[in-house]
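Only one structure is covered here, and it is reproduced in the block below.
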Amino acid sequence: MTPIPLENAHVTLEPLGLHHVGPLERAAADGELWKLWFTSVPSPGQMTAYVEAALRGQQAGRMSPWAVRENVSGEIVGTTRYYDIVEDPPRLAIGYTWYARRWQRSHLNTACKHLLFANAFQNEGAVAVEFHTDAYNQDSQRAIERLGAHREGVLRAHKRRPDGSLRDTVCYSVLATEWPDVDRWLQLRLSRLISLR
C-alpha cells in the first residue's frame with residue numbers, strides 16, 4: 001500500500017519523505033510535544049530517525065506514512081500513517097498521528113481522518129480501520145470517539161513506551177459497513193468546526 005497524495009479543502013496529506021524532517025521538527029516544537037511521555041513524538045534531533053523508521057516500515061509493506069500540510073498556511077503541521085496493514089481480510093490501523101499544538105482541537109484532525117477513512121474504505125477496500133492509543137492518553141481517546149469509532153477494549157501491558165515503561169493500549173475500530181454513517185457524521189462535524197473558526 002504505497003501512500004498517495006490525499007487532499008481536501010483543508011489539508012493535504014503528502015507521502016512522507018526526508019525533506020519533511022525540518023518542517024516536522026518545527027511542528028513538534030510547537031508545544032514541545034516530545035515531553036508527553038505517553039506519545040511517540042520524537043525529541044529534538046531524533047526526527048530523521050523517526051522518518052527513516054517510517055520509510056522502512058513502508059518498504060516492508062507494514063506502513064503508509066504521510067506528512068500533514070494545512071492548506072491555508074501551507075505549513076507542515078504534523079504527521080500520520082496507516083500501520084498494521086493486513087491483506088486478508090483487508091484492514092489497517094491509523095496512528096502515529098500528532099499535530100503542532102496550535103492545530104490540536106481544531107478542524108484539522110477531522111479533515112485528516114475523513115481523508116484517511118475514505119481512502120481506506122473506498123480505494124483500498126478495507127473491511128475495518130483500527131485505532132490504538134495509550135490508556136493514559138485521554139485526549140487521544142476522546143478525539144477517536146468523536147470520529148465515531150467504537151471502543152473494542154484494552155490490551156494490558158501491550159507495548160513499550162519510548163521511556164521503556166509498559167503501556168495498556170485502548171483499541172477502537174470503524175467497520176466498512178459503518179463508513180456511510182461515519183462519513184456523514186464527519187462531514188457534518190467538519191462543517192460545524194469550520195463555522196466556529
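The way I read the labels, and the way they are meant: chains A, B, ... in the order of the C-alpha cells, residue 1 as the first residue of every chain, and ligand 1 as the first ligand shown, with later ones counted on from there.
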
Mind checking DSSP for chain A and telling me the helix (DSSP H, G or I) residues as number ranges by chain?
-> A: 18-29, 33-35, 47-59, 101-103, 108-123, 138-146, 176-195

Could you make a table, as a Markdown table, of the residues of region 93-184 of chain A that have an atom within 9 Å of an atom of region 56-70 of chain A, each with its nearest atom pair and distance in Å to one decimal, counting only C-alpha atoms, in chain and number order?
| residue | atom | partner | partner_atom | distance |
| --- | --- | --- | --- | --- |
| A:Tyr96 | CA | A:Pro65 | CA | 8.8 |
| A:Tyr99 | CA | A:Val68 | CA | 8.2 |
| A:Leu108 | CA | A:Glu70 | CA | 7.7 |
| A:Cys112 | CA | A:Val68 | CA | 7.9 |

Output as CSV one row per residue of region 47-120 of chain A within 7 Å of region 131-143 of chain A: the closest atom pair and its distance in Å to one decimal place, counting only C-alpha atoms, sorted by chain and residue number ascending.
residue,atom,partner,partner_atom,distance
A:Ala93,CA,A:Phe131,CA,5.5
A:Ile94,CA,A:Phe131,CA,5.6
A:Gly95,CA,A:Phe131,CA,6.4

Within 6 Å of Val129 (chain A) using only C-alpha atoms, minus same-chain residues under 4 positions, as a ChimeraX atom specification = /A:91-93,173-174

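Here CA of Phe38 (chain A) and CA of Glu75 (chain A) stand 25.6 Å from one another.
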
Using only C-alpha atoms, determine which residues lie at most 9 Å from Pro23 (chain A), disregarding the query and same-chain residues fewer than 6 positions distant; provide the list as an mmCIF file with all heavy atoms, in the first residue's frame.
data_model
loop_
_atom_site.group_PDB
_atom_site.id
_atom_site.type_symbol
_atom_site.label_atom_id
_atom_site.label_comp_id
_atom_site.auth_asym_id
_atom_site.auth_seq_id
_atom_site.Cartn_x
_atom_site.Cartn_y
_atom_site.Cartn_z
ATOM 1 N N GLU A 75 1.732 25.274 5.700
ATOM 2 C CA GLU A 75 2.727 24.699 6.598
ATOM 3 C C GLU A 75 2.512 23.203 6.826
ATOM 4 O O GLU A 75 1.373 22.730 6.894
ATOM 5 C CB GLU A 75 2.674 25.395 7.968
ATOM 6 C CG GLU A 75 3.069 26.846 7.951
ATOM 7 C CD GLU A 75 2.940 27.474 9.333
ATOM 8 O OE1 GLU A 75 2.736 26.732 10.316
ATOM 9 O OE2 GLU A 75 3.033 28.707 9.416
ATOM 10 N N ILE A 76 3.620 22.487 7.002
ATOM 11 C CA ILE A 76 3.568 21.124 7.510
ATOM 12 C C ILE A 76 3.313 21.228 9.013
ATOM 13 O O ILE A 76 4.072 21.878 9.736
ATOM 14 C CB ILE A 76 4.889 20.372 7.241
ATOM 15 C CG1 ILE A 76 5.101 20.189 5.734
ATOM 16 C CG2 ILE A 76 4.903 19.026 7.966
ATOM 17 C CD1 ILE A 76 4.098 19.284 5.047
ATOM 18 N N VAL A 77 2.232 20.601 9.479
ATOM 19 C CA VAL A 77 1.811 20.777 10.874
ATOM 20 C C VAL A 77 1.782 19.470 11.657
ATOM 21 O O VAL A 77 1.436 19.472 12.848
ATOM 22 C CB VAL A 77 0.430 21.469 10.939
ATOM 23 C CG1 VAL A 77 0.510 22.866 10.339
ATOM 24 C CG2 VAL A 77 -0.642 20.637 10.246
ATOM 25 N N GLY A 78 2.160 18.361 11.034
ATOM 26 C CA GLY A 78 2.156 17.095 11.757
ATOM 27 C C GLY A 78 2.343 15.925 10.817
ATOM 28 O O GLY A 78 2.743 16.085 9.656
#

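Residues within 9 Å of Pro5 (chain A), counting only C-alpha atoms and excluding same-chain residues fewer than 4 positions away, are Thr12, Leu13, Glu14, Pro15 and Trp66 of chain A.
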
Excluding same-chain residues fewer than 5 positions from region 118-127 of chain A, what lies within 10 Å of it counting only C-alpha atoms, as a PyMOL selection string?
-> chain A and resi 1+4+6+82+85-94+113+174-180+183

Would you export the selected residues with C-alpha atoms as a PDB file, in the first residue's frame, please?
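Output contents, as saved in result.pdb:
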ATOM      1  CA  MET A   1       0.000   0.000   0.000  1.00  0.00           C
ATOM      2  CA  ILE A   4      -0.503   8.647  -2.472  1.00  0.00           C
ATOM      3  CA  LEU A   6      -4.663  12.866  -0.403  1.00  0.00           C
ATOM      4  CA  TYR A  82      -1.523   3.639   8.238  1.00  0.00           C
ATOM      5  CA  ILE A  85      -1.668  -3.363   7.386  1.00  0.00           C
ATOM      6  CA  VAL A  86      -3.239  -6.810   6.853  1.00  0.00           C
ATOM      7  CA  GLU A  87      -4.241  -8.224   3.453  1.00  0.00           C
ATOM      8  CA  ASP A  88      -6.846 -10.865   4.335  1.00  0.00           C
ATOM      9  CA  PRO A  89      -9.251  -9.655   5.451  1.00  0.00           C
ATOM     10  CA  PRO A  90      -8.007  -6.209   4.415  1.00  0.00           C
ATOM     11  CA  ARG A  91      -7.694  -3.992   7.480  1.00  0.00           C
ATOM     12  CA  LEU A  92      -5.332  -1.391   8.852  1.00  0.00           C
ATOM     13  CA  ALA A  93      -4.768   0.957  11.751  1.00  0.00           C
ATOM     14  CA  ILE A  94      -4.466   4.735  11.682  1.00  0.00           C
ATOM     15  CA  LYS A 113      -9.259  11.371   9.361  1.00  0.00           C
ATOM     16  CA  VAL A 174     -14.770   1.529  12.420  1.00  0.00           C
ATOM     17  CA  LEU A 175     -16.154  -1.134  10.065  1.00  0.00           C
ATOM     18  CA  ALA A 176     -16.733  -0.680   6.341  1.00  0.00           C
ATOM     19  CA  THR A 177     -20.469  -1.184   6.956  1.00  0.00           C
ATOM     20  CA  GLU A 178     -20.357   1.793   9.359  1.00  0.00           C
ATOM     21  CA  TRP A 179     -18.470   4.062   6.959  1.00  0.00           C
ATOM     22  CA  PRO A 180     -21.520   5.698   5.268  1.00  0.00           C
ATOM     23  CA  ASP A 183     -18.788   9.739   6.534  1.00  0.00           C
TER      24      ASP A 183
END

Excluding region 159-165 of chain A and residues on its chain fewer than 2 positions from it, collect all residues at most 10 Å away from it, counting only C-alpha atoms, and give them as JSON, numbers by chain.
-> {"A": [34, 37, 38, 39, 40, 41, 42, 134, 155, 156, 157, 167, 168, 169]}

Those selected residues, please, written with all heavy atoms and delivered as a short mmCIF file (atom, residue, chain, number, x, y, z; two decimals), in the first residue's frame.
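Okay, result33.cif is ready:
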data_model
loop_
_atom_site.label_atom_id
_atom_site.label_comp_id
_atom_site.auth_asym_id
_atom_site.auth_seq_id
_atom_site.Cartn_x
_atom_site.Cartn_y
_atom_site.Cartn_z
N TRP A 34 7.25 16.26 22.42
CA TRP A 34 8.02 15.09 22.87
C TRP A 34 7.99 14.94 24.39
O TRP A 34 8.34 13.89 24.91
CB TRP A 34 9.47 15.19 22.38
CG TRP A 34 10.14 16.44 22.85
CD1 TRP A 34 10.79 16.63 24.04
CD2 TRP A 34 10.19 17.70 22.16
NE1 TRP A 34 11.24 17.92 24.13
CE2 TRP A 34 10.91 18.61 22.99
CE3 TRP A 34 9.73 18.14 20.93
CZ2 TRP A 34 11.15 19.91 22.62
CZ3 TRP A 34 9.96 19.45 20.55
CH2 TRP A 34 10.67 20.32 21.40
N TRP A 37 4.98 11.92 27.77
CA TRP A 37 5.64 10.62 27.88
C TRP A 37 4.83 9.48 27.27
O TRP A 37 5.37 8.43 26.96
CB TRP A 37 5.97 10.31 29.34
CG TRP A 37 4.77 10.34 30.24
CD1 TRP A 37 4.24 11.42 30.87
CD2 TRP A 37 3.94 9.24 30.62
NE1 TRP A 37 3.14 11.06 31.61
CE2 TRP A 37 2.94 9.73 31.48
CE3 TRP A 37 3.96 7.88 30.31
CZ2 TRP A 37 1.96 8.92 32.03
CZ3 TRP A 37 2.98 7.06 30.86
CH2 TRP A 37 1.98 7.59 31.71
N PHE A 38 3.52 9.69 27.06
CA PHE A 38 2.69 8.62 26.51
C PHE A 38 2.50 8.74 25.00
O PHE A 38 1.66 8.06 24.43
CB PHE A 38 1.33 8.58 27.22
CG PHE A 38 0.64 9.91 27.32
CD1 PHE A 38 0.03 10.48 26.22
CD2 PHE A 38 0.60 10.59 28.52
CE1 PHE A 38 -0.59 11.71 26.29
CE2 PHE A 38 -0.04 11.82 28.61
CZ PHE A 38 -0.64 12.38 27.49
N THR A 39 3.26 9.62 24.34
CA THR A 39 3.18 9.72 22.89
C THR A 39 4.52 9.31 22.27
O THR A 39 5.51 9.13 22.97
CB THR A 39 2.85 11.16 22.44
OG1 THR A 39 3.97 12.01 22.72
CG2 THR A 39 1.59 11.68 23.11
N SER A 40 4.52 9.21 20.94
CA SER A 40 5.75 8.81 20.25
C SER A 40 6.34 9.93 19.42
O SER A 40 7.04 9.69 18.43
CB SER A 40 5.45 7.60 19.33
OG SER A 40 4.48 7.97 18.35
N VAL A 41 6.09 11.18 19.81
CA VAL A 41 6.66 12.31 19.08
C VAL A 41 8.16 12.37 19.36
O VAL A 41 8.57 12.37 20.52
CB VAL A 41 5.98 13.63 19.49
CG1 VAL A 41 6.58 14.80 18.71
CG2 VAL A 41 4.47 13.55 19.27
N PRO A 42 8.99 12.41 18.31
CA PRO A 42 10.44 12.39 18.54
C PRO A 42 10.95 13.67 19.17
O PRO A 42 10.47 14.76 18.87
CB PRO A 42 11.02 12.18 17.14
CG PRO A 42 9.96 12.64 16.21
CD PRO A 42 8.64 12.39 16.89
N ASP A 134 -2.61 4.94 23.98
CA ASP A 134 -2.22 4.70 25.37
C ASP A 134 -3.41 4.97 26.29
O ASP A 134 -4.14 5.95 26.12
CB ASP A 134 -1.06 5.62 25.73
CG ASP A 134 -0.36 5.24 27.02
OD1 ASP A 134 -1.04 5.19 28.07
OD2 ASP A 134 0.86 5.01 26.99
N LEU A 155 -5.87 -3.77 25.73
CA LEU A 155 -4.81 -4.78 25.77
C LEU A 155 -3.83 -4.34 26.85
O LEU A 155 -3.15 -3.33 26.70
CB LEU A 155 -4.11 -4.89 24.41
CG LEU A 155 -4.99 -5.31 23.25
CD1 LEU A 155 -4.22 -5.20 21.93
CD2 LEU A 155 -5.50 -6.73 23.45
N ARG A 156 -3.79 -5.08 27.94
CA ARG A 156 -2.97 -4.66 29.07
C ARG A 156 -1.51 -5.07 28.87
O ARG A 156 -1.22 -6.13 28.32
CB ARG A 156 -3.53 -5.25 30.36
CG ARG A 156 -4.95 -4.71 30.63
CD ARG A 156 -5.47 -5.04 32.00
NE ARG A 156 -5.45 -6.47 32.25
CZ ARG A 156 -5.47 -7.00 33.47
NH1 ARG A 156 -5.48 -6.23 34.55
NH2 ARG A 156 -5.48 -8.30 33.62
N ALA A 157 -0.60 -4.21 29.34
CA ALA A 157 0.85 -4.43 29.20
C ALA A 157 1.17 -4.82 27.76
O ALA A 157 1.90 -5.78 27.50
CB ALA A 157 1.33 -5.49 30.18
N ARG A 167 2.77 0.00 28.43
CA ARG A 167 1.50 0.72 28.34
C ARG A 167 0.35 -0.25 28.12
O ARG A 167 0.51 -1.31 27.51
CB ARG A 167 1.53 1.73 27.20
CG ARG A 167 1.20 1.15 25.84
CD ARG A 167 1.03 2.22 24.79
NE ARG A 167 0.30 1.70 23.63
CZ ARG A 167 0.07 2.38 22.52
NH1 ARG A 167 0.52 3.61 22.41
NH2 ARG A 167 -0.61 1.84 21.52
N ASP A 168 -0.82 0.13 28.62
CA ASP A 168 -2.06 -0.52 28.26
C ASP A 168 -2.57 0.20 27.02
O ASP A 168 -2.56 1.44 26.95
CB ASP A 168 -3.10 -0.40 29.38
CG ASP A 168 -2.72 -1.18 30.63
OD1 ASP A 168 -1.79 -2.00 30.56
OD2 ASP A 168 -3.34 -0.94 31.68
N THR A 169 -3.02 -0.56 26.02
CA THR A 169 -3.47 0.01 24.75
C THR A 169 -4.98 -0.08 24.65
O THR A 169 -5.55 -1.18 24.77
CB THR A 169 -2.83 -0.74 23.57
OG1 THR A 169 -1.40 -0.58 23.64
CG2 THR A 169 -3.32 -0.20 22.24
#

Pick out each residue of chain A that DSSP on the backbone tags as strand (DSSP E); I need them as a ChimeraX atom specification.
-> /A:6-7,11-15,63-70,76-87,90-99,128-134,150-160,166-175

Which residue out of A:His158, A:Arg81, A:His150, A:Arg26 has the minimum interatomic distance to Gly45 (chain A) when only C-alpha atoms are used?
->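 Once distances to Gly45 (chain A) are computed over only C-alpha atoms, the minimum belongs to A:Arg26.
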
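In terms of minimum interatomic distance to Asn8 (chain A), A:Leu115 ranks closest within A:Ala49, A:Leu196, A:Leu115, A:Leu188, counting only C-alpha atoms.
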